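Heads up, the thing below is written out as structure tokens.
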Amino acid sequence: SESKQAAQTPLRRPEAIAVDRGGELYIADSQNNRVRVVSQTTGLIRTVAGDGEPNGATLGDGGPAVDAHLDRPTGIAVAPNGDVYIADTGHNRVRKVSAVSGVITTHALIDAPTGIAVAAGGQRIVVYVIDSKQGVVKSIAPDGTVSTLTGPVRPQSPTRLAYHRTGWLYVKDRSPAGVTAIPVPNPAQIELAVERHSDPRGGAGKARPAAPPTH
């Protein structure tokens with residue numbers, strides 16, 4: 001994908017941003033059906049995923065991410081290893097772009113995903129994503145199993161997510177405070193904390209947060 005000066009490149013309704021460990025800025029350029037990245041050192045912007053067209057004969061899984069179709073991506077997260085996770089809202093799925101190969105795949109099927117965040121424990125990555133049709137937060141375990149977060153603390157109409165390494169998932173919602181904090185398990189121990197569900201959409205799975213971490 002061609003690089004251009006970021007200040008001279010029009011975006012259409014950017015919905016979310018994320019920053020990787022190197023300080024590169026990723027943007028969900030929603031109405032352009034692309035994900036972009038801005039270099040911290042050069043100020044150049046380039047496309048990471050999406051060819052600008054929402055539909056085609058196939059979505060492009062298994063091929064270069066820049067040639068794939070995205071439909072109104074509204075959430076983005078970057079894992080510590082550089083893999084990029086995209087809430088491909090119009091296609092009802094979470095997509096993953098490999099940092100090594102640049103190949104895009106479908107990571108999980110989620111109804112109209114919006115906010116997305118990643119939690120890392122060692123080499124294990126857990127993805128948290130909002131299912132906007134059901135109004136719930138779901139987790140995607142390292143093996144691809146999808147579960148619905150349940151428990152005494154439930155976000156009200158969640159829209160955005162952020163994860164803190166101390167084990168807290170912050171959810172932007174319509175609660176009186178505007179943000180709901182949920183303790184979540186360490187990804188390295190996710191097998192001990194999550195009841196898994198075989199449905200790839202995670203309709204009835206349950207995730208039980210671990211005890212809140214000590215600050």
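Quick note on naming: the chains in the structure tokens go A, B, ... in the order shown, residues restart at 1 in each chain, and ligands are numbered from 1 in order of appearance.
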Return as JSON lines the residues of range 17-89 of chain A lying at most 10 Å from range 94-102 of chain A, together with the closest atom-to-atom pair for each and the distance in Å to one decimal, counting only C-alpha atoms, with rows in chain order and ascending residue number.
{"residue": "A:Val48", "atom": "CA", "partner": "A:Gly102", "partner_atom": "CA", "distance": 8.1}
{"residue": "A:Ala49", "atom": "CA", "partner": "A:Val97", "partner_atom": "CA", "distance": 7.6}
{"residue": "A:Asp61", "atom": "CA", "partner": "A:Arg95", "partner_atom": "CA", "distance": 8.7}
{"residue": "A:Gly62", "atom": "CA", "partner": "A:Gly102", "partner_atom": "CA", "distance": 9.7}
{"residue": "A:Gly63", "atom": "CA", "partner": "A:Gly102", "partner_atom": "CA", "distance": 8.2}
{"residue": "A:Pro64", "atom": "CA", "partner": "A:Gly102", "partner_atom": "CA", "distance": 5.8}
{"residue": "A:Ala65", "atom": "CA", "partner": "A:Gly102", "partner_atom": "CA", "distance": 6.0}
{"residue": "A:Val66", "atom": "CA", "partner": "A:Gly102", "partner_atom": "CA", "distance": 8.2}
{"residue": "A:Leu70", "atom": "CA", "partner": "A:Arg95", "partner_atom": "CA", "distance": 9.0}
{"residue": "A:Pro73", "atom": "CA", "partner": "A:Val94", "partner_atom": "CA", "distance": 9.4}
{"residue": "A:Gly75", "atom": "CA", "partner": "A:Val94", "partner_atom": "CA", "distance": 9.3}
{"residue": "A:Ile76", "atom": "CA", "partner": "A:Val94", "partner_atom": "CA", "distance": 9.5}
{"residue": "A:Ala77", "atom": "CA", "partner": "A:Lys96", "partner_atom": "CA", "distance": 9.7}
{"residue": "A:Val78", "atom": "CA", "partner": "A:Val97", "partner_atom": "CA", "distance": 9.5}
{"residue": "A:Ala79", "atom": "CA", "partner": "A:Ala99", "partner_atom": "CA", "distance": 9.4}
{"residue": "A:Asn81", "atom": "CA", "partner": "A:Ala99", "partner_atom": "CA", "distance": 7.2}
{"residue": "A:Gly82", "atom": "CA", "partner": "A:Ala99", "partner_atom": "CA", "distance": 5.1}
{"residue": "A:Asp83", "atom": "CA", "partner": "A:Ala99", "partner_atom": "CA", "distance": 4.7}
{"residue": "A:Val84", "atom": "CA", "partner": "A:Val97", "partner_atom": "CA", "distance": 5.0}
{"residue": "A:Tyr85", "atom": "CA", "partner": "A:Lys96", "partner_atom": "CA", "distance": 4.6}
{"residue": "A:Ile86", "atom": "CA", "partner": "A:Arg95", "partner_atom": "CA", "distance": 5.0}
{"residue": "A:Ala87", "atom": "CA", "partner": "A:Val94", "partner_atom": "CA", "distance": 4.9}
{"residue": "A:Asp88", "atom": "CA", "partner": "A:Val94", "partner_atom": "CA", "distance": 5.6}
{"residue": "A:Thr89", "atom": "CA", "partner": "A:Val94", "partner_atom": "CA", "distance": 8.0}
Expected file contents, prior selection, N, CA, C and O atoms, as a short mmCIF file (atom, residue, chain, number, x, y, z; two decimals), in the first residue's frame:
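What follows is the written file selection-v2.cif:
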data_model
loop_
_atom_site.label_atom_id
_atom_site.label_comp_id
_atom_site.auth_asym_id
_atom_site.auth_seq_id
_atom_site.Cartn_x
_atom_site.Cartn_y
_atom_site.Cartn_z
N VAL A 48 -3.29 -0.63 6.04
CA VAL A 48 -2.93 -1.93 6.62
C VAL A 48 -3.88 -3.01 6.13
O VAL A 48 -3.48 -4.14 5.86
N ALA A 49 -5.16 -2.66 6.03
CA ALA A 49 -6.17 -3.63 5.60
C ALA A 49 -7.31 -2.90 4.90
O ALA A 49 -7.65 -1.77 5.24
N ASP A 61 -10.15 -13.47 2.95
CA ASP A 61 -9.43 -14.20 3.99
C ASP A 61 -8.38 -15.13 3.36
O ASP A 61 -8.63 -15.79 2.34
N GLY A 62 -7.21 -15.17 4.00
CA GLY A 62 -6.14 -16.01 3.51
C GLY A 62 -5.22 -15.32 2.53
O GLY A 62 -4.23 -15.90 2.09
N GLY A 63 -5.53 -14.06 2.21
CA GLY A 63 -4.70 -13.30 1.29
C GLY A 63 -4.20 -12.02 1.92
O GLY A 63 -4.42 -11.77 3.11
N PRO A 64 -3.52 -11.18 1.13
CA PRO A 64 -3.01 -9.93 1.68
C PRO A 64 -4.14 -9.06 2.24
O PRO A 64 -5.18 -8.89 1.60
N ALA A 65 -3.91 -8.51 3.42
CA ALA A 65 -4.96 -7.71 4.07
C ALA A 65 -5.33 -6.49 3.25
O ALA A 65 -6.48 -6.06 3.26
N VAL A 66 -4.38 -5.91 2.52
CA VAL A 66 -4.66 -4.70 1.75
C VAL A 66 -5.59 -4.98 0.57
O VAL A 66 -6.16 -4.05 0.00
N LEU A 70 -13.32 -4.89 3.77
CA LEU A 70 -13.83 -4.54 5.08
C LEU A 70 -15.11 -3.74 4.89
O LEU A 70 -15.25 -3.00 3.91
N PRO A 73 -15.34 -0.81 9.33
CA PRO A 73 -14.61 -1.19 10.56
C PRO A 73 -14.74 -0.09 11.61
O PRO A 73 -14.47 1.07 11.31
N GLY A 75 -13.73 -0.68 15.13
CA GLY A 75 -12.87 -0.92 16.29
C GLY A 75 -11.56 -1.54 15.84
O GLY A 75 -11.52 -2.26 14.83
N ILE A 76 -10.51 -1.26 16.60
CA ILE A 76 -9.20 -1.78 16.24
C ILE A 76 -8.35 -1.93 17.49
O ILE A 76 -8.46 -1.14 18.44
N ALA A 77 -7.53 -2.98 17.52
CA ALA A 77 -6.62 -3.20 18.64
C ALA A 77 -5.37 -3.87 18.09
O ALA A 77 -5.42 -4.64 17.13
N VAL A 78 -4.23 -3.56 18.72
CA VAL A 78 -2.95 -4.13 18.29
C VAL A 78 -2.36 -4.93 19.44
O VAL A 78 -2.19 -4.41 20.55
N ALA A 79 -2.06 -6.18 19.19
CA ALA A 79 -1.46 -7.04 20.20
C ALA A 79 0.02 -6.71 20.37
O ALA A 79 0.63 -6.10 19.49
N ASN A 81 2.51 -8.50 19.96
CA ASN A 81 3.33 -9.09 18.88
C ASN A 81 3.11 -8.39 17.54
O ASN A 81 3.70 -8.79 16.54
N GLY A 82 2.25 -7.36 17.52
CA GLY A 82 2.02 -6.59 16.31
C GLY A 82 0.83 -7.02 15.48
O GLY A 82 0.47 -6.33 14.52
N ASP A 83 0.20 -8.14 15.82
CA ASP A 83 -1.01 -8.55 15.10
C ASP A 83 -2.10 -7.51 15.32
O ASP A 83 -2.26 -6.98 16.43
N VAL A 84 -2.87 -7.24 14.27
CA VAL A 84 -3.92 -6.24 14.33
C VAL A 84 -5.28 -6.93 14.30
O VAL A 84 -5.54 -7.77 13.44
N TYR A 85 -6.14 -6.56 15.26
CA TYR A 85 -7.48 -7.11 15.33
C TYR A 85 -8.48 -6.02 14.96
O TYR A 85 -8.42 -4.90 15.48
N ILE A 86 -9.41 -6.35 14.07
CA ILE A 86 -10.33 -5.37 13.51
C ILE A 86 -11.77 -5.80 13.76
O ILE A 86 -12.15 -6.94 13.47
N ALA A 87 -12.56 -4.88 14.29
CA ALA A 87 -14.01 -5.11 14.39
C ALA A 87 -14.61 -4.77 13.04
O ALA A 87 -14.85 -3.60 12.73
N ASP A 88 -14.80 -5.78 12.22
CA ASP A 88 -15.35 -5.61 10.87
C ASP A 88 -16.88 -5.63 10.99
O ASP A 88 -17.53 -6.65 10.75
N THR A 89 -17.41 -4.49 11.36
CA THR A 89 -18.80 -4.39 11.81
C THR A 89 -19.80 -4.90 10.77
O THR A 89 -20.69 -5.69 11.07
#
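Checking A:Pro14, A:Pro142, A:Pro183, A:Pro155 one by one against Gly122 in chain A, counting only C-alpha atoms, you find the shortest gap at A:Pro142.
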Within 6 Å of Asp131 in chain A, counting only C-alpha atoms, which residues qualify if same-chain residues fewer than 4 places away don't, as a compact mmCIF listing (two decimals) with C-alpha atoms, in the first residue's frame?
# COMPACT_ATOMS: atom_id res chain seq x y z
CA ASP A 111 -22.79 -9.76 15.54
CA ALA A 112 -21.98 -6.15 14.53
CA PRO A 113 -18.77 -5.88 16.59
CA GLY A 135 -25.45 -5.43 23.86
CA VAL A 136 -22.85 -7.63 25.58
Write out as a PyMOL selection string all residues of range 17-161 of chain A that DSSP puts in strand (DSSP E) for this structure's backbone.
chain A and resi 17-19+25-29+34-38+44-49+73-78+84-88+93-97+104-109+113-121+124-131+136-140+146-149+160-161
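The space between CA of Thr105 in chain A and CA of Val37 in chain A spans 18.7 Å.
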Determine, for each residue of range 11-39 of chain A having at least one atom at most 12 Å from an atom of range 53-56 of chain A, the closest pair of atoms and their separation in Å to one decimal, counting only C-alpha atoms; order by chain and ascending number, as a Markdown table.
| residue | atom | partner | partner_atom | distance |
| --- | --- | --- | --- | --- |
| A:Ser30 | CA | A:Pro54 | CA | 10.4 |
| A:Gln31 | CA | A:Pro54 | CA | 9.5 |
| A:Asn32 | CA | A:Glu53 | CA | 8.0 |
| A:Asn33 | CA | A:Pro54 | CA | 6.3 |
| A:Arg34 | CA | A:Glu53 | CA | 8.7 |
Ser132 in chain A environment, 9 Å, only C-alpha atoms, sequence neighbours closer than 5 positions dropped, as a PDB file with C-alpha atoms, in the first residue's frame:
ATOM      1  CA  ILE A 110     -19.536 -11.611  16.232  1.00  0.00           C
ATOM      2  CA  ASP A 111     -22.786  -9.757  15.538  1.00  0.00           C
ATOM      3  CA  ALA A 112     -21.980  -6.155  14.529  1.00  0.00           C
ATOM      4  CA  PRO A 113     -18.769  -5.877  16.591  1.00  0.00           C
ATOM      5  CA  THR A 114     -17.722  -2.385  17.672  1.00  0.00           C
ATOM      6  CA  GLY A 115     -15.284  -1.772  20.539  1.00  0.00           C
ATOM      7  CA  VAL A 137     -19.079  -7.978  25.846  1.00  0.00           C
ATOM      8  CA  SER A 157     -25.358  -0.651  26.126  1.00  0.00           C
ATOM      9  CA  PRO A 158     -21.555  -0.918  25.773  1.00  0.00           C
ATOM     10  CA  THR A 159     -19.818   0.920  22.931  1.00  0.00           C
TER      11      THR A 159
END
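Nearest-residue note for Arg72 in chain A: choosing from A:Glu15, A:Pro176, A:Ala117, A:Gln40, the minimum distance belongs to A:Glu15, counting only C-alpha atoms.
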So which bits of range 154-191 of chain A end up helix (DSSP H, G or I) when you DSSP the backbone, as a list in words? Pro187, Ala188, Gln189, Ile190 and Glu191 of chain A
As a check of understanding: the span from CA of Lys172 in chain A to CA of Pro10 in chain A is 27.4 Å
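In terms of minimum interatomic distance to Ile45 in chain A, A:Ala6 ranks closest within A:Leu11, A:Ala119, A:Ile182, A:Ala6, counting only C-alpha atoms.
In this model, the gap between CA of Asn186 in chain A and CA of Val35 in chain A comes to 28.4 Å.
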